[in-house]
file start.cif (mmCIF, C-alpha atoms)
data_model
#
loop_
_atom_site.label_atom_id
_atom_site.label_comp_id
_atom_site.auth_asym_id
_atom_site.auth_seq_id
_atom_site.Cartn_x
_atom_site.Cartn_y
_atom_site.Cartn_z
CA MET A 1 -16.39 -20.66 36.25
CA GLN A 2 -13.78 -19.32 38.64
CA VAL A 3 -12.14 -15.87 38.54
CA THR A 4 -9.13 -15.31 40.81
CA GLU A 5 -7.25 -12.02 41.12
CA THR A 6 -3.51 -12.42 40.50
CA LEU A 7 -2.37 -8.80 40.22
CA ASN A 8 -3.55 -5.55 41.81
CA GLU A 9 -0.80 -2.99 41.50
CA GLY A 10 -1.62 0.62 40.76
CA LEU A 11 -3.80 0.51 37.65
CA LYS A 12 -2.60 -2.95 36.62
CA ARG A 13 -4.96 -5.88 37.08
CA GLY A 14 -4.51 -9.58 36.44
CA TYR A 15 -6.94 -12.51 36.77
CA ALA A 16 -6.87 -16.26 36.32
CA ILE A 17 -10.09 -17.56 34.80
CA THR A 18 -11.05 -21.23 34.82
CA VAL A 19 -13.85 -22.44 32.58
CA THR A 20 -14.79 -26.02 33.53
CA ALA A 21 -15.23 -28.78 31.00
CA ALA A 22 -18.84 -29.18 32.14
CA GLU A 23 -19.55 -25.52 31.37
CA LEU A 24 -18.01 -25.85 27.93
CA ASN A 25 -19.99 -28.99 27.13
CA ALA A 26 -23.21 -27.32 28.27
CA LYS A 27 -22.51 -24.36 25.99
CA VAL A 28 -21.78 -26.67 23.04
CA ASP A 29 -25.04 -28.55 23.68
CA GLU A 30 -26.89 -25.24 23.81
CA LYS A 31 -25.47 -24.25 20.41
CA LEU A 32 -26.34 -27.66 18.92
CA LYS A 33 -29.91 -27.42 20.16
CA GLU A 34 -30.25 -23.97 18.61
CA ALA A 35 -29.00 -25.28 15.27
CA GLN A 36 -30.78 -28.67 15.31
CA PRO A 37 -34.12 -27.51 13.76
CA THR A 38 -32.34 -26.22 10.65
CA VAL A 39 -29.81 -29.03 10.08
CA GLU A 40 -30.33 -31.39 7.14
CA MET A 41 -28.39 -34.66 6.91
CA LYS A 42 -28.75 -37.61 4.61
CA GLY A 43 -30.94 -40.34 6.17
CA PHE A 44 -32.74 -37.94 8.51
CA ARG A 45 -35.59 -35.52 8.16
CA LYS A 46 -34.78 -31.83 8.58
CA GLY A 47 -34.54 -31.01 12.27
CA LYS A 48 -34.44 -34.69 13.35
CA VAL A 49 -30.69 -35.35 13.31
CA PRO A 50 -29.71 -36.93 16.71
CA MET A 51 -27.70 -34.78 19.11
CA ALA A 52 -24.93 -37.40 19.32
CA LEU A 53 -24.45 -37.23 15.55
CA LEU A 54 -24.56 -33.44 15.57
CA ARG A 55 -21.89 -33.34 18.28
CA LYS A 56 -19.68 -35.71 16.28
CA GLN A 57 -20.13 -33.62 13.13
CA PHE A 58 -19.96 -30.08 14.55
CA GLY A 59 -18.82 -30.40 18.17
CA GLN A 60 -15.13 -29.66 17.61
CA ARG A 61 -15.81 -26.44 15.72
CA LEU A 62 -18.43 -25.31 18.22
CA MET A 63 -16.07 -26.07 21.12
CA GLY A 64 -13.73 -23.28 19.96
CA GLU A 65 -16.65 -20.84 19.74
CA ALA A 66 -17.89 -21.93 23.17
CA MET A 67 -14.44 -21.38 24.72
CA GLN A 68 -14.16 -17.85 23.28
CA GLU A 69 -17.70 -16.90 24.31
CA ALA A 70 -17.22 -18.28 27.81
CA ILE A 71 -13.98 -16.36 28.33
CA ASP A 72 -15.38 -13.14 26.83
CA GLY A 73 -18.48 -13.52 29.01
CA ALA A 74 -16.36 -14.01 32.13
CA VAL A 75 -14.32 -10.88 31.38
CA THR A 76 -17.44 -8.82 30.62
CA SER A 77 -19.15 -9.97 33.83
CA HIS A 78 -16.04 -9.13 35.84
CA LEU A 79 -15.76 -5.63 34.33
CA GLU A 80 -19.44 -4.95 35.02
CA ALA A 81 -19.08 -6.12 38.61
CA SER A 82 -15.81 -4.29 39.32
CA GLY A 83 -16.59 -1.13 37.38
CA ASP A 84 -13.14 -1.27 35.78
CA ARG A 85 -12.73 0.38 32.39
CA PRO A 86 -9.69 -1.06 30.57
CA ALA A 87 -7.40 1.55 29.04
CA ALA A 88 -6.82 -0.84 26.12
CA GLN A 89 -8.05 -4.25 24.95
CA PRO A 90 -7.36 -6.78 27.76
CA GLU A 91 -4.62 -9.31 27.00
CA MET A 92 -5.72 -12.96 27.19
CA LYS A 93 -3.49 -16.01 27.23
CA MET A 94 -4.48 -19.66 27.55
CA THR A 95 -2.12 -21.24 30.11
CA ASN A 96 -2.85 -24.94 29.55
CA GLU A 97 -1.68 -25.09 25.94
CA ASP A 98 -1.82 -28.90 25.98
CA TRP A 99 -5.59 -28.67 26.46
CA LYS A 100 -7.70 -31.51 25.11
CA GLU A 101 -11.42 -32.05 25.06
CA GLY A 102 -12.65 -32.92 28.53
CA ASP A 103 -10.16 -30.59 30.28
CA ASP A 104 -10.92 -27.33 32.01
CA VAL A 105 -9.69 -24.17 30.26
CA ASN A 106 -7.30 -21.90 32.16
CA VAL A 107 -6.82 -18.34 30.94
CA GLU A 108 -4.76 -15.40 32.21
CA VAL A 109 -6.31 -11.96 31.66
CA SER A 110 -4.41 -8.72 32.26
CA TYR A 111 -5.11 -5.03 31.61
CA GLU A 112 -4.57 -1.54 32.90
CA LYS A 113 -7.72 0.14 34.06
CA LEU A 114 -8.55 3.78 33.49
CA PRO A 115 -7.92 5.84 36.63
CA ASP A 116 -10.53 7.45 38.82
CA VAL A 117 -10.27 11.13 37.92
CA PRO A 118 -10.83 13.52 40.85
CA ASP A 119 -13.39 16.31 40.53
CA THR A 120 -12.03 19.80 39.91
CA ASP A 121 -13.41 23.08 41.25
CA PHE A 122 -13.24 25.14 38.06
CA SER A 123 -14.15 28.34 39.89
CA LYS A 124 -10.68 28.29 41.48
CA ILE A 125 -9.00 28.42 38.08
CA LYS A 126 -8.02 32.01 37.27
CA LEU A 127 -7.45 32.87 33.61
CA GLU A 128 -6.80 35.97 31.57
CA LYS A 129 -8.26 36.26 28.09
CA MET A 130 -6.84 38.76 25.61
CA VAL A 131 -9.24 41.06 23.77
CA VAL A 132 -8.08 42.91 20.66
CA LYS A 133 -10.13 45.55 18.87
CA ALA A 134 -9.63 46.07 15.15
CA ASP A 135 -8.39 49.68 14.98
CA ASP A 136 -8.61 51.98 11.97
CA ALA A 137 -5.00 51.24 10.97
CA ALA A 138 -5.67 47.50 10.76
CA VAL A 139 -8.83 48.07 8.73
CA GLN A 140 -6.97 50.42 6.37
CA GLU A 141 -4.17 47.87 5.92
CA ALA A 142 -6.75 45.25 4.93
CA LEU A 143 -8.36 47.73 2.51
CA ASP A 144 -4.97 48.46 0.92
CA ASN A 145 -4.34 44.73 0.48
CA LEU A 146 -7.72 44.32 -1.22
CA ALA A 147 -7.02 47.24 -3.52
CA ALA A 148 -3.70 45.64 -4.51
CA SER A 149 -5.24 42.20 -5.09
CA PRO A 150 -5.58 40.73 -8.63
CA GLN A 151 -9.34 41.16 -8.36
CA ALA A 152 -8.97 44.94 -8.05
CA VAL A 153 -5.79 45.80 -9.93
CA SER A 154 -6.11 47.01 -13.53
CA TYR A 155 -3.34 47.40 -16.12
CA GLU A 156 -2.56 50.25 -18.50
CA PRO A 157 -0.20 50.18 -21.51
CA LYS A 158 3.39 51.37 -21.09
CA LYS A 159 6.18 51.93 -23.62
CA THR A 160 9.10 51.03 -21.35
CA GLN A 161 10.57 47.58 -20.68
CA ALA A 162 8.58 44.94 -18.80
CA LYS A 163 9.49 44.38 -15.17
CA LYS A 164 8.21 42.27 -12.30
CA ASP A 165 4.47 42.72 -11.63
CA ASP A 166 3.88 44.11 -15.14
CA GLN A 167 1.44 42.33 -17.44
CA VAL A 168 2.71 41.17 -20.82
CA VAL A 169 0.25 40.37 -23.62
CA PHE A 170 1.84 38.12 -26.24
CA ASP A 171 1.50 35.26 -28.74
CA PHE A 172 3.72 32.24 -28.28
CA VAL A 173 4.59 28.94 -29.97
CA GLY A 174 6.48 26.31 -28.01
CA LYS A 175 8.68 23.65 -29.62
CA VAL A 176 10.47 20.56 -28.31
CA ASP A 177 13.24 19.17 -30.55
CA GLY A 178 12.14 21.70 -33.16
CA GLU A 179 8.56 20.44 -33.29
CA PRO A 180 5.48 22.26 -31.89
CA PHE A 181 3.63 20.32 -29.19
CA GLU A 182 -0.03 20.22 -28.19
CA GLY A 183 -1.03 22.95 -25.76
CA GLY A 184 2.22 24.84 -26.38
CA SER A 185 0.82 27.85 -28.21
CA ALA A 186 -1.63 30.68 -27.59
CA GLU A 187 -2.56 34.15 -28.83
CA ASP A 188 -3.11 37.38 -26.87
CA TYR A 189 -2.12 35.65 -23.66
CA PRO A 190 -1.99 38.01 -20.63
CA LEU A 191 0.76 37.05 -18.18
CA VAL A 192 1.71 38.88 -14.98
CA LEU A 193 5.47 38.58 -14.52
CA GLY A 194 6.24 37.15 -11.10
CA SER A 195 2.95 35.29 -10.78
CA ASP A 196 4.75 31.92 -11.19
CA SER A 197 1.90 30.66 -13.36
CA PHE A 198 4.21 29.37 -16.11
CA ILE A 199 7.11 26.91 -16.21
CA PRO A 200 10.01 27.98 -13.94
CA GLY A 201 12.26 30.37 -15.82
CA PHE A 202 9.69 31.38 -18.44
CA GLU A 203 8.59 34.62 -16.80
CA ASP A 204 12.19 35.65 -16.09
CA GLY A 205 12.82 35.29 -19.82
CA LEU A 206 10.24 38.00 -20.55
CA LEU A 207 11.75 40.63 -18.25
CA LYS A 208 12.88 43.76 -20.11
CA VAL A 209 10.88 42.98 -23.29
CA LYS A 210 9.01 45.80 -25.07
CA ALA A 211 5.90 45.90 -27.24
CA GLY A 212 6.64 44.80 -30.81
CA GLU A 213 9.62 42.61 -29.92
CA GLU A 214 10.00 38.91 -30.67
CA LYS A 215 12.00 36.76 -28.29
CA ASP A 216 12.85 33.08 -27.91
CA VAL A 217 12.61 31.87 -24.31
CA GLU A 218 14.40 28.63 -23.49
CA VAL A 219 13.13 26.57 -20.53
CA THR A 220 13.25 23.01 -19.21
CA PHE A 221 10.07 21.28 -18.11
CA PRO A 222 10.21 20.00 -14.50
CA GLU A 223 10.92 16.28 -14.02
CA ASP A 224 7.54 15.88 -12.31
CA TYR A 225 5.60 17.80 -14.98
CA GLN A 226 2.03 16.50 -15.33
CA ALA A 227 2.43 15.80 -19.07
CA GLU A 228 4.86 12.88 -18.94
CA HIS A 229 5.97 13.24 -22.57
CA LEU A 230 7.28 16.74 -21.75
CA ALA A 231 8.74 16.04 -18.29
CA GLY A 232 12.44 16.95 -18.17
CA LYS A 233 12.47 18.10 -21.82
CA LYS A 234 14.03 21.35 -23.04
CA ALA A 235 11.70 23.67 -24.96
CA VAL A 236 11.94 26.93 -26.90
CA PHE A 237 9.01 29.34 -26.86
CA THR A 238 8.94 31.94 -29.63
CA CYS A 239 7.13 34.92 -28.09
CA THR A 240 5.70 37.91 -30.00
CA ILE A 241 5.15 40.77 -27.57
CA LYS A 242 2.01 42.74 -28.37
CA GLU A 243 1.73 44.95 -25.31
CA VAL A 244 3.38 45.66 -21.97
CA ARG A 245 1.08 46.94 -19.24
CA ALA A 246 1.87 48.44 -15.84
CA PRO A 247 -0.28 47.62 -12.81
CA LYS A 248 -2.55 50.38 -11.56
CA THR A 249 -3.82 50.08 -8.01
CA PRO A 250 -7.22 51.81 -7.79
CA GLU A 251 -8.45 54.04 -5.03
CA MET A 252 -10.66 52.15 -2.61
CA ASP A 253 -14.10 53.72 -3.02
CA ASP A 254 -17.76 52.70 -3.08
CA GLU A 255 -17.52 51.31 -6.64
CA LEU A 256 -14.53 49.12 -5.81
CA ALA A 257 -16.16 47.99 -2.57
CA LYS A 258 -19.04 46.59 -4.63
CA LYS A 259 -16.57 44.27 -6.38
CA PHE A 260 -16.02 42.64 -3.01
CA GLY A 261 -19.73 42.16 -2.33
CA ALA A 262 -20.34 45.21 -0.13
CA GLU A 263 -22.94 47.91 -0.68
CA ASP A 264 -20.41 50.70 -0.23
CA LEU A 265 -17.02 51.46 1.34
CA GLU A 266 -18.38 51.88 4.87
CA ALA A 267 -20.12 48.49 4.67
CA LEU A 268 -16.86 46.90 3.47
CA LYS A 269 -14.99 48.48 6.38
CA ALA A 270 -17.56 47.07 8.80
CA GLN A 271 -17.18 43.59 7.26
CA ILE A 272 -13.39 43.79 7.51
CA ARG A 273 -13.54 44.97 11.12
CA GLU A 274 -15.86 42.09 12.00
CA ARG A 275 -13.64 39.54 10.23
CA LEU A 276 -10.47 40.85 11.88
CA GLU A 277 -12.00 40.78 15.34
CA ALA A 278 -13.22 37.21 14.71
CA GLU A 279 -9.64 36.26 13.79
CA TYR A 280 -8.30 37.99 16.89
CA SER A 281 -10.91 36.27 19.04
CA GLY A 282 -9.95 32.86 17.66
CA ALA A 283 -6.27 33.48 18.33
CA ALA A 284 -7.01 34.79 21.84
CA ARG A 285 -9.09 31.69 22.56
CA ALA A 286 -6.19 29.44 21.53
CA VAL A 287 -3.89 31.29 23.94
CA ALA A 288 -6.47 31.11 26.75
CA LYS A 289 -7.04 27.41 26.05
CA ARG A 290 -3.32 26.70 26.49
CA SER A 291 -3.39 28.61 29.79
CA LEU A 292 -6.40 26.57 30.87
CA LEU A 293 -4.74 23.26 30.01
CA ASP A 294 -1.61 24.35 31.89
CA ALA A 295 -3.76 25.21 34.91
CA LEU A 296 -5.56 21.85 34.78
CA ASP A 297 -2.26 20.01 34.41
CA ASN A 298 -0.95 21.68 37.56
CA ALA A 299 -4.19 21.41 39.56
CA VAL A 300 -5.09 17.75 39.02
CA SER A 301 -3.06 14.62 39.73
CA PHE A 302 -3.88 10.93 39.20
CA ASP A 303 -2.17 7.73 38.08
CA LEU A 304 -1.72 7.23 34.35
CA PRO A 305 -1.90 3.92 32.46
CA GLU A 306 1.69 3.08 31.45
CA GLY A 307 0.54 1.46 28.22
CA LEU A 308 -1.19 4.63 27.01
CA VAL A 309 1.82 6.78 27.92
CA THR A 310 4.24 4.44 26.15
CA ALA A 311 2.10 4.32 23.01
CA GLU A 312 1.66 8.12 22.96
CA ALA A 313 5.41 8.69 23.48
CA GLY A 314 6.11 6.40 20.54
CA GLN A 315 3.69 8.31 18.32
CA ILE A 316 5.23 11.65 19.33
CA ALA A 317 8.77 10.40 18.63
CA HIS A 318 7.66 8.97 15.28
CA GLN A 319 5.90 12.19 14.23
CA LEU A 320 8.83 14.43 15.23
CA TRP A 321 11.31 12.15 13.43
CA HIS A 322 9.32 12.40 10.20
CA GLU A 323 9.08 16.19 10.57
CA GLU A 324 12.88 16.28 10.81
CA ASN A 325 13.26 13.82 7.92
CA PRO A 326 10.51 14.84 5.45
CA GLU A 327 12.23 13.05 2.57
CA VAL A 328 11.51 9.65 4.17
CA GLN A 329 8.08 8.31 3.27
CA GLY A 330 6.33 5.38 4.96
CA HIS A 331 7.90 3.37 7.77
CA ASP A 332 11.04 2.07 6.08
CA HIS A 333 13.47 3.69 8.51
CA PRO A 334 15.59 2.81 11.57
CA GLU A 335 13.86 2.17 14.88
CA ILE A 336 12.98 5.45 16.56
CA GLU A 337 13.82 5.63 20.24
CA THR A 338 11.69 7.63 22.67
CA THR A 339 13.34 10.09 25.03
CA GLU A 340 12.42 11.44 28.43
CA GLU A 341 11.17 14.57 26.70
CA HIS A 342 8.82 12.47 24.55
CA LYS A 343 7.60 10.63 27.64
CA LYS A 344 7.01 13.88 29.55
CA LEU A 345 4.94 15.31 26.70
CA ALA A 346 3.07 12.00 26.39
CA GLU A 347 2.20 12.04 30.09
CA ARG A 348 0.73 15.54 29.73
CA ARG A 349 -1.32 14.57 26.67
CA VAL A 350 -2.65 11.36 28.21
CA LYS A 351 -3.44 13.09 31.48
CA LEU A 352 -5.30 15.98 29.85
CA GLY A 353 -7.06 13.65 27.42
CA LEU A 354 -8.39 11.48 30.24
CA LEU A 355 -9.28 14.53 32.32
CA LEU A 356 -11.23 16.30 29.56
CA ALA A 357 -12.99 13.06 28.64
CA ASP A 358 -14.04 12.59 32.27
CA ILE A 359 -15.20 16.21 32.61
CA GLY A 360 -17.18 15.93 29.39
CA GLN A 361 -18.82 12.68 30.45
CA LYS A 362 -19.82 14.04 33.84
CA ALA A 363 -21.17 17.25 32.26
CA GLU A 364 -22.96 15.20 29.57
CA VAL A 365 -21.23 17.14 26.79
CA LYS A 366 -22.31 15.86 23.39
CA VAL A 367 -21.45 16.61 19.77
CA SER A 368 -24.84 16.70 18.08
CA ASP A 369 -25.62 15.09 14.73
CA GLN A 370 -26.27 18.58 13.33
CA GLU A 371 -22.84 19.81 14.48
CA MET A 372 -21.18 16.74 13.00
CA THR A 373 -22.98 17.17 9.68
CA GLN A 374 -21.94 20.82 9.52
CA ALA A 375 -18.31 19.88 10.19
CA ILE A 376 -18.41 17.27 7.43
CA MET A 377 -19.90 19.81 5.01
CA ASN A 378 -17.20 22.35 5.88
CA GLN A 379 -14.46 19.82 5.25
CA ALA A 380 -16.09 18.57 2.05
CA ARG A 381 -15.68 22.06 0.57
CA GLN A 382 -11.94 21.42 0.50
CA TYR A 383 -12.57 18.84 -2.24
CA PRO A 384 -14.51 20.72 -4.95
CA GLY A 385 -16.17 18.35 -7.36
CA GLN A 386 -15.60 15.39 -5.02
CA GLU A 387 -18.01 16.29 -2.23
CA ARG A 388 -20.16 13.19 -2.74
CA GLU A 389 -17.15 10.86 -2.63
CA PHE A 390 -15.99 12.57 0.57
CA PHE A 391 -19.40 12.11 2.22
CA GLU A 392 -19.41 8.43 1.28
CA PHE A 393 -15.89 8.01 2.67
CA VAL A 394 -16.91 9.60 5.98
CA GLN A 395 -20.03 7.42 6.23
CA GLN A 396 -18.00 4.26 5.71
CA ASN A 397 -15.09 5.19 7.96
CA ALA A 398 -15.97 5.21 11.65
CA GLN A 399 -12.37 5.93 12.66
CA PHE A 400 -12.26 9.07 10.51
CA ARG A 401 -15.56 10.27 12.00
CA GLN A 402 -14.08 9.78 15.46
CA GLN A 403 -11.01 11.80 14.44
CA MET A 404 -13.28 14.63 13.33
CA GLN A 405 -15.47 14.45 16.41
CA ALA A 406 -12.65 14.37 19.00
CA PRO A 407 -11.46 18.01 18.64
CA MET A 408 -15.08 19.21 18.50
CA PHE A 409 -15.83 17.39 21.77
CA GLU A 410 -12.66 18.82 23.33
CA ASP A 411 -13.58 22.38 22.37
CA LYS A 412 -17.05 21.99 23.86
CA VAL A 413 -15.54 20.69 27.11
CA VAL A 414 -13.11 23.62 27.17
CA ASP A 415 -16.02 26.04 26.68
CA HIS A 416 -17.84 24.30 29.54
CA ILE A 417 -14.84 24.92 31.82
CA PHE A 418 -14.43 28.54 30.63
CA GLU A 419 -18.02 29.22 31.69
CA GLN A 420 -17.23 28.21 35.28
CA ALA A 421 -13.64 29.44 35.59
CA ASP A 422 -12.63 32.89 36.86
CA VAL A 423 -11.86 34.51 33.48
CA THR A 424 -10.75 38.14 33.28
CA GLU A 425 -10.69 39.92 29.94
CA LYS A 426 -7.73 42.17 29.19
CA GLU A 427 -7.63 44.49 26.18
CA VAL A 428 -4.24 44.30 24.45
CA SER A 429 -2.70 45.35 21.15
CA LYS A 430 -2.56 43.21 18.03
CA ASP A 431 1.24 42.95 18.49
CA ASP A 432 0.81 41.59 22.02
CA LEU A 433 -1.58 38.94 20.74
CA GLU A 434 0.76 37.99 17.87
CA LYS A 435 3.67 37.57 20.31
CA ALA A 436 1.52 35.31 22.51
CA VAL A 437 0.54 33.20 19.51
CA GLU A 438 4.18 32.95 18.35
CA LYS A 439 5.18 31.79 21.82
CA LEU A 440 2.39 29.22 21.69
CA GLU A 441 3.66 27.86 18.37
CA GLU A 442 7.23 27.60 19.63
CA GLU A 443 6.29 25.38 22.57
#

call {"tool": "encode", "arguments": {"input": "start.cif", "output": "structure tokens"}}
result
Amino acid sequence: MQVTETLNEGLKRGYAITVTAAELNAKVDEKLKEAQPTVEMKGFRKGKVPMALLRKQFGQRLMGEAMQEAIDGAVTSHLEASGDRPAAQPEMKMTNEDWKEGDDVNVEVSYEKLPDVPDTDFSKIKLEKMVVKADDAAVQEALDNLAASPQAVSYEPKKTQAKKDDQVVFDFVGKVDGEPFEGGSAEDYPLVLGSDSFIPGFEDGLLKVKAGEEKDVEVTFPEDYQAEHLAGKKAVFTCTIKEVRAPKTPEMDDELAKKFGAEDLEALKAQIRERLEAEYSGAARAVAKRSLLDALDNAVSFDLPEGLVTAEAGQIAHQLWHEENPEVQGHDHPEIETTEEHKKLAERRVKLGLLLADIGQKAEVKVSDQEMTQAIMNQARQYPGQEREFFEFVQQNAQFRQQMQAPMFEDKVVDHIFEQADVTEKEVSKDDLEKAVEKLEEE
């Protein structure tokens, strides 16, 4: 077998591989000998079929396998010897398409190799990390929101007309084409006006009603209503108003704090303060991470595989196009052209992706099985009642597991760099942090 370099330009590599006919025949014979003990053929005892007959019967099929194995073996041996790591699957093309048995096989192999990433002195990277303390005003605001939440609010009867946020208790019977329909009636139903829990238009129809009144509310079921026999249909609901109640926001005290799982008001305040500061810390980390990635982008330079950049630019252009055209589903749309802006963003992503992967490999950063299991459990909670199906899906889908693992690996690498970088903490206000986050989201 001969391997000759035909291209060495930047990260691009090309090779001409020749597999001789003798090598192919030897590989076919090897496969036939392996199979011979198990072959049964009429007129011969099991395992005693002559090699010449086996070659005539199976040789042509095995020749194709032998060619593929020989070429794959040559490429693997070359990569091991050179240390090259292809950025994508190497392209292979047989150049003597008129090949016939007895001829050598000539193949062209080309790929872009991953670049050698230079080491970075993280101690020279200077970063500022925002620190925000949850002040009394922020804690009080959170307490007020809890007190005004449906879990805390109570309602007391009123004699005046119903308005938004009031609760109306009523009986109703719904009819379509003059006939009642299943599920269209109820008694003593409590409805908060403005909660959008009924068909669009229904709650507006109950504004200004008073206890003791009867009112017909006309609505039209949405076209995409879950009950197909009602979708798009007009309906009339005859409503008998029994009571109108006004919301009453309670004082936040020890008793109300217990409704939210705290021993008393002070314990609830402590929980809120801890939660707020955890939220602030997460937002501050996101801002610091962007600063770190910017610093790495400026500090490190190396060649990028054109194929990876082109593919990433295409994905970015495709994603942005769909965000601008949300009504278009699938891929039935005009060809999307990439711009210089797409390419510039793709270069940054590819560069930082390769850099973080290299840093993580050198630092032996790993996502443990325990961490992966915890992440799967956290995501499974988003599908109540379907947790088992989600676990089975994850177990059977290696690509999805990789998609889950990638950001976890990246965060661990970022933490590794933070530990060595020159990070200065700066206490700022909540408003300063929010402005920094808004700026982050705009970029």

call {"tool": "axis_aligned_box", "arguments": {"input": "start.cif", "around": "stretch 124-140 of chain A", "padding_each_side": "6 Å", "output": "AutoDock Vina command-line options"}}
result
--center_x -7.8 --center_y 40.1 --center_z 23.9 --size_x 17.7 --size_y 35.7 --size_z 47.1

call {"tool": "residues_around", "arguments": {"input": "start.cif", "residues": "A:Val168", "least_positions_apart": "2", "cutoff": "8 Å", "atoms": "only C-alpha atoms", "output": "JSON, numbers by chain"}}
result
{"A": [162, 166, 170, 189, 190, 191, 192, 193, 241, 242, 243, 244, 245]}

call {"tool": "resolve_selection", "arguments": {"input": "start.cif", "expression": "the PyMOL selection byres ((chain A and resi 32) around 9)", "output": "list in words"}}
result
Lys27, Val28, Asp29, Glu30, Lys31, Lys33, Glu34, Ala35, Gln36, Met51, Leu54, Arg55, Phe58, Gly59 and Leu62 of chain A

call {"tool": "residues_around", "arguments": {"input": "start.cif", "residues": "A:Val19", "least_positions_apart": "4", "cutoff": "9 Å", "atoms": "all atoms listed in the file", "output": "list in words"}}
result
Met1, Gln2, Glu23, Leu24, Met67, Ala70, Ile71, Ala74, Asp104, Val105, Asn106 and Val107 of chain A

call {"tool": "resolve_selection", "arguments": {"input": "start.cif", "expression": "the PyMOL selection byres ((chain A and resi 418-424) around 8)", "output": "list in words"}}
result
Phe122, Ser123, Lys124, Ile125, Lys126, Leu127, Glu128, Lys129, Val414, Asp415, His416, Ile417, Glu425 and Lys426 of chain A

call {"tool": "closest_residue", "arguments": {"input": "start.cif", "among": "A:Lys430, A:Glu69, A:Gly314, A:Ile199", "to": "A:Gly232", "atoms": "only C-alpha atoms"}}
result
A:Ile199

call {"tool": "residues_around", "arguments": {"input": "start.cif", "residues": "A:Arg275", "least_positions_apart": "6", "cutoff": "10 Å", "atoms": "all atoms listed in the file", "output": "ChimeraX atom specification"}}
result
/A:134,139,269,281

call {"tool": "resolve_selection", "arguments": {"input": "start.cif", "expression": "the PyMOL selection byres ((chain A and resi 402-411) around 8)", "output": "JSON, numbers by chain"}}
result
{"A": [356, 357, 360, 365, 366, 367, 372, 375, 398, 399, 400, 401, 412, 413, 414, 415]}

call {"tool": "atom_distance", "arguments": {"input": "start.cif", "atom1": "atom CA of A:Glu112", "atom2": "atom CA of A:Met63"}}
result
29.5 Å

call {"tool": "atom_distance", "arguments": {"input": "start.cif", "atom1": "atom CA of A:Gly178", "atom2": "atom CA of A:Ala227"}}
result
18.1 Å

call {"tool": "closest_residue", "arguments": {"input": "start.cif", "among": "A:Glu108, A:Asp432, A:Glu97, A:Glu5", "to": "A:Ala283", "atoms": "all atoms listed in the file"}}
result
A:Asp432

call {"tool": "atom_distance", "arguments": {"input": "start.cif", "atom1": "atom CA of A:Gly102", "atom2": "atom CA of A:Gln60"}}
result
11.7 Å
